[in-house]
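Heads up, the thing below is written out as structure tokens.
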Amino acid sequence: MKTELKKTTTKPSTIRISAGERVFHALNYIFFALVSWTTLFPFLNLLAKSLSSEEAVLSGRVSLFPVDIQFGTYLYVLSDAKFMNAFMVSVTITAAGTAIGLIMTAIAAYPLSKPRLRGRKFFILMYVFTMLFSGGLIPAYLLMHRLELIDTLWVLFLPSMISVFNMLIIKNYFESLPDELEESAKMDGATNLTILLRITVPLSLPVFATIALFYAVGFWNDYFASMIYINSPELKPLQLYLKELLIHSNITYQDGGHVPNIDAVMNTTPQAIQAASILVATLPILLVYPFLQKYFVKGVLIGSVKG
Amino acid sequence: MRRNQIWLSIVAVIAVLSLIGCNGSKSGAGADGGEGDGKQLRQLMPFERFEPNGDAVAQYLKEKTDYTVKYEMLPAENADEKLNLLMANKEPYDVLKLAPAQYYQLVSSGALEPLDDLIEQYGANMKQVIGSESWEGARYEGKTYAIPETGGGSGTASYALVVRQDWLDEMNMKAPTNLDEFVTVLRAFKEKKKVIPLTGGKVPVHPDIASVFGLTTAWMERDGKIIHSVEAPEMREYLAFMSTLYKEGLIDSEWGINTADKSIEKVASGKAAMYSPGWWVAPNLVNALAKNFPDAKLGIVPVLKDKAGVARVGSAGNTINYFIAVPKFAKHKEEAVKWLDMKFDKDIFKGIAIGEEGAHHKFEDGVYTPIMPKFADERSNASSFLTGVDEKNYPIYWQARLKKNPVVESYFATFQKNAEGLLVIDPMSAAPPIPDISKNLQRLNKYQEDTFINFISGTEPLDNYDQFLTEWRAQGGEEMVKAANEWYAKR
Amino acid sequence: MDTKEMDNAPRSPTRHYWRKLWSDVRKDWDLYIALIPGVAFLLLFKYTPMYGVVIAFQDFNIFSGIADSPWVGLEHFARLFQSPKFAQVFWNTLIISVLKIVLLFPLPILLAILMNELTKMWFKRPVQTIIYMPHFLSWVIVSGLFIDLLSINGGLVNRIIEWFGGEPIKFFLDNSVFRWLLVGTAGWKEAGWGTIVYLAALSSIDPQLYEAAKMDGANKFRQIWHITLPGLVPVILLMFILRLGHMLEAGTEQILVMYNPVVYNVSDVIGTYVYRTGLGEQNYSFSAAVGLFESVVGFILIMSGNYISRRTLNRGIW
């Protein structure tokens, strides 16, 4: 092992910080404060819109603060039975998809991270090939039909339970773990399975947290699969619900063309309700990340390399 | 600790999976529903934002017709793609409510059942209330594959210019009556009020201005022949006029990127003076403006006249909005047509459209007025349940819907009053789906729109118009015009 | 390969190969078992429907199906390559893609490294979350936001420009600005999200290395250069090679929402062009042909990227 463990932990603060570094730190904080402001702004804007009266929103007067504050929009959104149902569907798919996806992906990545695996290049190429080439929607639809998955929740996560991109990231991370750990475990007679469960998995929590997030966000945000494969209204996930809400109100505002369906025109979703729905649909998934952040701690490797 | 977590997650996964299993099987049973019993049907309809199976109209229909119908909707986005997949997969729907382009796609692929015999046998009501012109519009290669559904507001004026009347008054000006006065007013707005004189978006052939040049509808009749409006020499004059307005800053410089929402916002926030809304968006515009400027007043500009003093208003005419078809692989074709015909029964149809007298609407002095809130609660989505209309009575019933909102009612009424006697109907409004038109129209419209926006904004010189026209013809325009004339001559 | 081993197997080299293979497999049998679920997944959900690529060579009719649709050879490819706009559209695609790679690929790496230097947790944690939030906004919303912000009728940016005495810029309608607008908005939307994968990699760097470097008197910038960056190289390589595969997908969804006819000259890419010319047509075969063309180019780029990286840096995806 290259780096000997030095007794630095006792007095790390004694190292002097140069003036240059201090300026760098200050600028760094200012920079991130500014960037955060620009990325937070649209959400504050949506929040303000969702709490304002429809007239105020339509006339473009709402930016950061609500005008004619009201909470009826949230009451409306949350009391819509379709919304709550869609919400539950999304939670189910996301939870199941993420759990299964993460497990399947880690299992797939593990052998491919071992250079001694025979046919490794072939198998990796087999995965990468599917990132680029696909047979398109029609054969996929026929396949789902044959598997009797159409109009079931399964179809929303089974066909996407291993993302090649995620698999490659995990594989890459596995490869970066020191070989010494595996070798010493082998000496003690450990099987590959034991090594995976006892050594690799505990050391890979940061990448698992990342991939869990990717899967969760992917399943949460997916609407295409449900749009194509789901017919029953009770199986529609939240993003589809949201899409219908937003697109529909665009359609009815179209300039030109024929006289639109008058019922639809007079039922358009107010922009304040649109804003509230977007926020309510996005908030749960935004909350996942802070929860996973604790796994991004530095130096998961320290203790284990020593031992 | 860690092991506990792993166990916990495994239990969670199993719990979730069993939950899904239940859901999946439940829906499977629901979807297939009506085996054997012919009184059960399955209908596919375009997307609207409500749950059709729980709607009051569905309930009403079930009681009156004794058929149990399971309604399913296409998605809001990529509807055509989904429809194709469903049809390719032979989903056993009994009734399809199709938009015109979808109908053409399916009928030309041979996915629909010819209905002539079934209508002859079971369609006594529908034959009576649907006009022969509409039936003609649903024919394809000599056979009837669908029941045509025309709209309630067809053949009426949809657009008119509105103007900030309070600003006009302030400047001591009157609403313009012709193009010269129109330009004078726009200039005054720009110079004295420092606002965008005319806003709007995306649609480059502005209906209220183009009609002054004689460009009323997409298709026009000249000397007994059909031409498309891009071929009319007036189109060049119109574009030249618009591009001078643009250059002078008299129309919104963001014309190319404005959405209707944006245009409304600009008027409502006092940034723009004139706009041409459809009557159906009037409430949003009026309410938002009133909120910002309680003293502001919107005026509806009467139809502008050309140099000869003639005014015209284009109208798409009594077009077929939907086609009600039965797919070839439907399980209950006869029952489907029987059910559809029952919906044309005088009383049942009226019940679908405006509910029951005394409960949902009042009838006084020949006018139907909705009774709120019951009408809104139980007939808000009635249009979606229509599968063809009683062409004589529906336009009358339809007007009751306008009364749900007083602003809509008054704008609609004013638009129609201003346009009285000036309506020019599109000569192709009664045409059935013609392959050479259907396959080219959407693409060419987009091409026309894009190029015209560039002409108006000066990105492309108007001298290139001939080039555009050649390209337009080559890309299918010529085929389209030829096919239109063939139909028109035989009509 | 190894001559000594070859000598030990006098009967036949193939026989020996199989025996060696068998003994390797037996030694790591559980490793090979672990391959099965993934490969089964690929075969079922990815490779079974793969026959669909043939519709690129057919005049596919969805109701006749693949079996009964007529074959047309390379007609759809010819239509793409021979269309008068192809050169311009292809060029736009390349320019926008290359701009995005050059300017936006390093951005998340930079952000992750800088974020790694934030030591105050009460600041770092919320910032990490906030900065990735735009990823969750649809392009429609993002585009609407920037249209407001950059409007020449009272948009914030143009008000500032005018305040400094400049000429207002029609960002969305100006051929010389629009590509930068595309790149800029894409960066704003996705850069924060892109940091996550690098942050995970950063946490696998041994903190003892930093301590050692500090003892040797290395300043922050040297530490970043000599420890942080090398620690990130494997992920950067992986991400870069995979990114190459999307070279011909310059952001169709974004551009469709943001562009307008005035800026077609500089922003019309393969995806948007195919969308517009296919309106109302439902031409599955043509879309499939275009998709196949994009995939082949992407595959070649990934293969070459991996090859070059193997050759020069001695590591790659495989």
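Following the order of the structure tokens, chains are lettered A, B, ..., residues in each are numbered from 1, and ligands are numbered from 1.
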Residues of chain A within 6 Å of chain B, only C-alpha atoms counted, as a PDB file with N, CA, C and O atoms, in the first residue's frame:
ATOM      1  N   GLU A  55     -56.142  35.671 -11.985  1.00  0.00           N
ATOM      2  CA  GLU A  55     -56.042  36.909 -12.761  1.00  0.00           C
ATOM      3  C   GLU A  55     -54.651  37.508 -12.642  1.00  0.00           C
ATOM      4  O   GLU A  55     -54.084  38.002 -13.613  1.00  0.00           O
ATOM      5  N   LEU A  58     -52.312  35.460 -14.802  1.00  0.00           N
ATOM      6  CA  LEU A  58     -52.541  35.691 -16.232  1.00  0.00           C
ATOM      7  C   LEU A  58     -51.984  37.029 -16.686  1.00  0.00           C
ATOM      8  O   LEU A  58     -51.570  37.180 -17.824  1.00  0.00           O
ATOM      9  N   SER A  59     -51.987  38.003 -15.812  1.00  0.00           N
ATOM     10  CA  SER A  59     -51.516  39.312 -16.248  1.00  0.00           C
ATOM     11  C   SER A  59     -50.019  39.464 -16.011  1.00  0.00           C
ATOM     12  O   SER A  59     -49.470  40.532 -16.169  1.00  0.00           O
ATOM     13  N   GLY A  60     -49.360  38.365 -15.633  1.00  0.00           N
ATOM     14  CA  GLY A  60     -47.903  38.391 -15.528  1.00  0.00           C
ATOM     15  C   GLY A  60     -47.383  39.233 -14.383  1.00  0.00           C
ATOM     16  O   GLY A  60     -46.282  39.764 -14.452  1.00  0.00           O
ATOM     17  N   ALA A  96     -40.700   0.148  -5.994  1.00  0.00           N
ATOM     18  CA  ALA A  96     -40.403  -1.186  -6.501  1.00  0.00           C
ATOM     19  C   ALA A  96     -39.300  -1.127  -7.551  1.00  0.00           C
ATOM     20  O   ALA A  96     -38.346  -1.905  -7.517  1.00  0.00           O
ATOM     21  N   THR A 152     -50.646  -3.128 -17.023  1.00  0.00           N
ATOM     22  CA  THR A 152     -50.352  -3.532 -15.650  1.00  0.00           C
ATOM     23  C   THR A 152     -49.227  -2.641 -15.146  1.00  0.00           C
ATOM     24  O   THR A 152     -48.529  -2.020 -15.947  1.00  0.00           O
ATOM     25  N   ILE A 228     -47.893   4.928 -23.291  1.00  0.00           N
ATOM     26  CA  ILE A 228     -48.023   3.934 -24.350  1.00  0.00           C
ATOM     27  C   ILE A 228     -48.705   2.661 -23.837  1.00  0.00           C
ATOM     28  O   ILE A 228     -49.550   2.096 -24.498  1.00  0.00           O
ATOM     29  N   GLU A 244     -51.087  15.519 -18.793  1.00  0.00           N
ATOM     30  CA  GLU A 244     -52.428  15.740 -19.320  1.00  0.00           C
ATOM     31  C   GLU A 244     -52.956  17.100 -18.882  1.00  0.00           C
ATOM     32  O   GLU A 244     -53.546  17.832 -19.660  1.00  0.00           O
ATOM     33  N   ASP A 263     -66.782  22.729 -24.227  1.00  0.00           N
ATOM     34  CA  ASP A 263     -66.685  22.266 -22.846  1.00  0.00           C
ATOM     35  C   ASP A 263     -65.252  22.295 -22.364  1.00  0.00           C
ATOM     36  O   ASP A 263     -64.937  22.765 -21.283  1.00  0.00           O
TER      37      ASP A 263
END
What's around region 160-168 of chain C at 10 Å? Count only C-alpha atoms, leave out sequence neighbours fewer than 5 positions away in its own chain, and write the answer as a list in words. Leu150, Ser151, Ile152, Asn153, Gly154 and Gly155 of chain C
Lys190 (chain B): which residues within 12 Å, counting only C-alpha atoms, same-chain residues fewer than 3 positions away excluded, as a PyMOL selection string? chain B and resi 167+171+183-187+193-198+245+248-252+271-274
Output N, CA and C atoms for every residue in the selection just made, as a CSV table (one decimal), in the first residue's frame.
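Resulting contents of out-v4.csv:
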chain,number,residue,atom,x,y,z
B,167,TRP,N,-57.8,53.7,-24.0
B,167,TRP,CA,-56.7,54.4,-24.6
B,167,TRP,C,-57.1,55.1,-25.9
B,171,MET,N,-57.0,59.2,-26.5
B,171,MET,CA,-56.3,59.8,-27.7
B,171,MET,C,-57.3,60.5,-28.6
B,183,VAL,N,-53.7,51.4,-39.5
B,183,VAL,CA,-52.3,51.8,-39.4
B,183,VAL,C,-52.2,53.0,-38.5
B,184,THR,N,-53.0,54.0,-38.8
B,184,THR,CA,-53.0,55.3,-38.0
B,184,THR,C,-53.1,55.0,-36.5
B,185,VAL,N,-54.1,54.1,-36.2
B,185,VAL,CA,-54.3,53.8,-34.8
B,185,VAL,C,-53.1,53.1,-34.2
B,186,LEU,N,-52.5,52.1,-34.9
B,186,LEU,CA,-51.3,51.4,-34.5
B,186,LEU,C,-50.2,52.4,-34.2
B,187,ARG,N,-50.0,53.4,-35.1
B,187,ARG,CA,-48.9,54.3,-35.0
B,187,ARG,C,-49.2,55.2,-33.7
B,193,LYS,N,-48.6,56.0,-26.6
B,193,LYS,CA,-48.8,55.2,-25.5
B,193,LYS,C,-47.5,54.4,-25.2
B,194,LYS,N,-46.6,54.3,-26.2
B,194,LYS,CA,-45.3,53.6,-26.0
B,194,LYS,C,-45.6,52.1,-25.6
B,195,VAL,N,-46.6,51.5,-26.3
B,195,VAL,CA,-46.9,50.1,-26.0
B,195,VAL,C,-46.7,49.3,-27.4
B,196,ILE,N,-46.8,48.0,-27.2
B,196,ILE,CA,-46.9,47.2,-28.5
B,196,ILE,C,-48.2,47.4,-29.1
B,197,PRO,N,-48.3,48.0,-30.3
B,197,PRO,CA,-49.6,48.3,-30.9
B,197,PRO,C,-50.5,47.0,-31.1
B,198,LEU,N,-49.9,46.0,-31.7
B,198,LEU,CA,-50.7,44.8,-32.0
B,198,LEU,C,-49.9,43.6,-31.6
B,245,LEU,N,-45.5,46.6,-41.4
B,245,LEU,CA,-45.9,46.8,-40.0
B,245,LEU,C,-44.9,46.4,-39.0
B,248,GLU,N,-41.9,48.7,-38.9
B,248,GLU,CA,-42.1,49.9,-38.3
B,248,GLU,C,-42.3,49.7,-36.8
B,249,GLY,N,-42.4,48.5,-36.3
B,249,GLY,CA,-42.6,48.2,-34.9
B,249,GLY,C,-44.0,48.3,-34.5
B,250,LEU,N,-44.9,48.1,-35.5
B,250,LEU,CA,-46.4,48.2,-35.2
B,250,LEU,C,-47.0,46.9,-34.7
B,251,ILE,N,-46.3,45.8,-35.0
B,251,ILE,CA,-46.7,44.5,-34.5
B,251,ILE,C,-45.6,44.0,-33.6
B,252,ASP,N,-46.0,43.2,-32.7
B,252,ASP,CA,-45.1,42.6,-31.7
B,252,ASP,C,-43.8,42.0,-32.3
B,271,LYS,N,-49.1,46.0,-21.7
B,271,LYS,CA,-48.0,46.2,-22.6
B,271,LYS,C,-48.4,46.3,-24.0
B,272,ALA,N,-49.6,45.8,-24.3
B,272,ALA,CA,-50.0,45.8,-25.7
B,272,ALA,C,-51.4,46.3,-25.8
B,273,ALA,N,-51.8,46.9,-27.0
B,273,ALA,CA,-53.0,47.6,-27.2
B,273,ALA,C,-54.1,46.8,-27.9
B,274,MET,N,-53.7,46.0,-28.9
B,274,MET,CA,-54.6,45.2,-29.7
B,274,MET,C,-54.2,43.8,-29.8
Would you kindly return, as a PyMOL selection string, each protein, DNA or RNA residue with an atom no farther than 10 Å from any atom of region 173-178 of chain A, considering only C-alpha atoms and excluding same-chain residues fewer than 4 positions away? (chain A and resi 1+106+109-115+167-169+182-183+196+199-201+203-204+206-208+301+305) or (chain C and resi 200-201+204-205+231+234-235)
Interface list for chain C, partner chain B, 10 Å threshold, only C-alpha atoms, as a ChimeraX atom specification: /C:61-65,144,147-148,151-154,170,172-175,258-264,275-282,284
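Candidate residues A:Tyr74, A:Phe83, A:Tyr223, A:Phe165 were compared for distance to chain C, and the nearest is A:Phe165, using only C-alpha atoms.
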Among the residues C:Arg315, C:Arg179, C:Lys214, C:Arg15, the one that comes closest to chain A [using only C-alpha atoms]: C:Lys214
For Leu98 (chain B), find every residue with an atom within 7 Å (counting only C-alpha atoms), except residues of its own chain fewer than 6 positions away, and show them as a ChimeraX atom specification. /B:46,322-324
When DSSP is applied to the backbone of this structure, which of region 145-226 of chain B are assigned strand (DSSP E)? Write them out as a VMD selection string. chain B and resid 146 to 150 162 to 164 196 to 198 219 to 222 225 to 226
Restricted to C-alpha atoms, what would the selected residues look like written as a short mmCIF file (atom, residue, chain, number, x, y, z; two decimals), in the first residue's frame?
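Resulting contents of selection_31.cif:
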data_model
loop_
_atom_site.label_atom_id
_atom_site.label_comp_id
_atom_site.auth_asym_id
_atom_site.auth_seq_id
_atom_site.Cartn_x
_atom_site.Cartn_y
_atom_site.Cartn_z
CA ALA B 146 -68.17 6.56 -40.01
CA ILE B 147 -70.91 8.70 -38.57
CA PRO B 148 -69.92 12.34 -39.07
CA GLU B 149 -70.12 14.65 -36.05
CA THR B 150 -70.40 18.33 -36.88
CA VAL B 162 -60.10 43.77 -29.61
CA VAL B 163 -58.61 47.09 -28.60
CA ARG B 164 -57.96 49.06 -25.43
CA ILE B 196 -46.86 47.17 -28.46
CA PRO B 197 -49.60 48.29 -30.86
CA LEU B 198 -50.68 44.80 -31.97
CA TRP B 219 -59.15 27.23 -49.70
CA MET B 220 -60.89 29.69 -51.99
CA GLU B 221 -63.00 29.52 -55.10
CA ARG B 222 -61.85 31.53 -58.11
CA LYS B 225 -61.88 26.49 -59.53
CA ILE B 226 -60.38 25.81 -56.15
#
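Among the candidates A:Phe219, A:Phe157, A:Tyr76, A:Tyr29, the one nearest to chain C when counting only C-alpha atoms is A:Tyr29.
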Every residue of region 80-273 of chain A that DSSP places in alpha helix (DSSP H), as a PyMOL selection string: chain A and resi 81-112+120-132+137-146+164-176+179-187+192-195+201-203+205-221+224-229+238-251+262-266+271-273
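What separates CA of Trp139 (chain C) from CA of Ala225 (chain A) is a distance of 19.0 Å.
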Selected residue, from C:Leu74, C:Ile95, C:Leu110, C:Leu118, that lies nearest to chain A when counting only C-alpha atoms: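 Counting only C-alpha atoms, the residue closest to chain A is C:Leu118.
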Tell me which of C:Glu75, C:Asp59, C:Asp68, C:Glu190 sits closest to chain A, counting only C-alpha atoms. C:Glu190
Calculate how many Å separate CA of Ala213 (chain C) from CA of Leu313 (chain C), rounding to one decimal. 24.3 Å
I'd like to know which of B:Pro373, B:Gly309, B:Gln59, B:Leu115 is closest to His360 (chain B), using only C-alpha atoms.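 Result for the nearest residue to His360 (chain B): B:Pro373.
Atom to atom, CA of Ser134 (chain A) and CA of Val98 (chain C) stand 24.6 Å apart.
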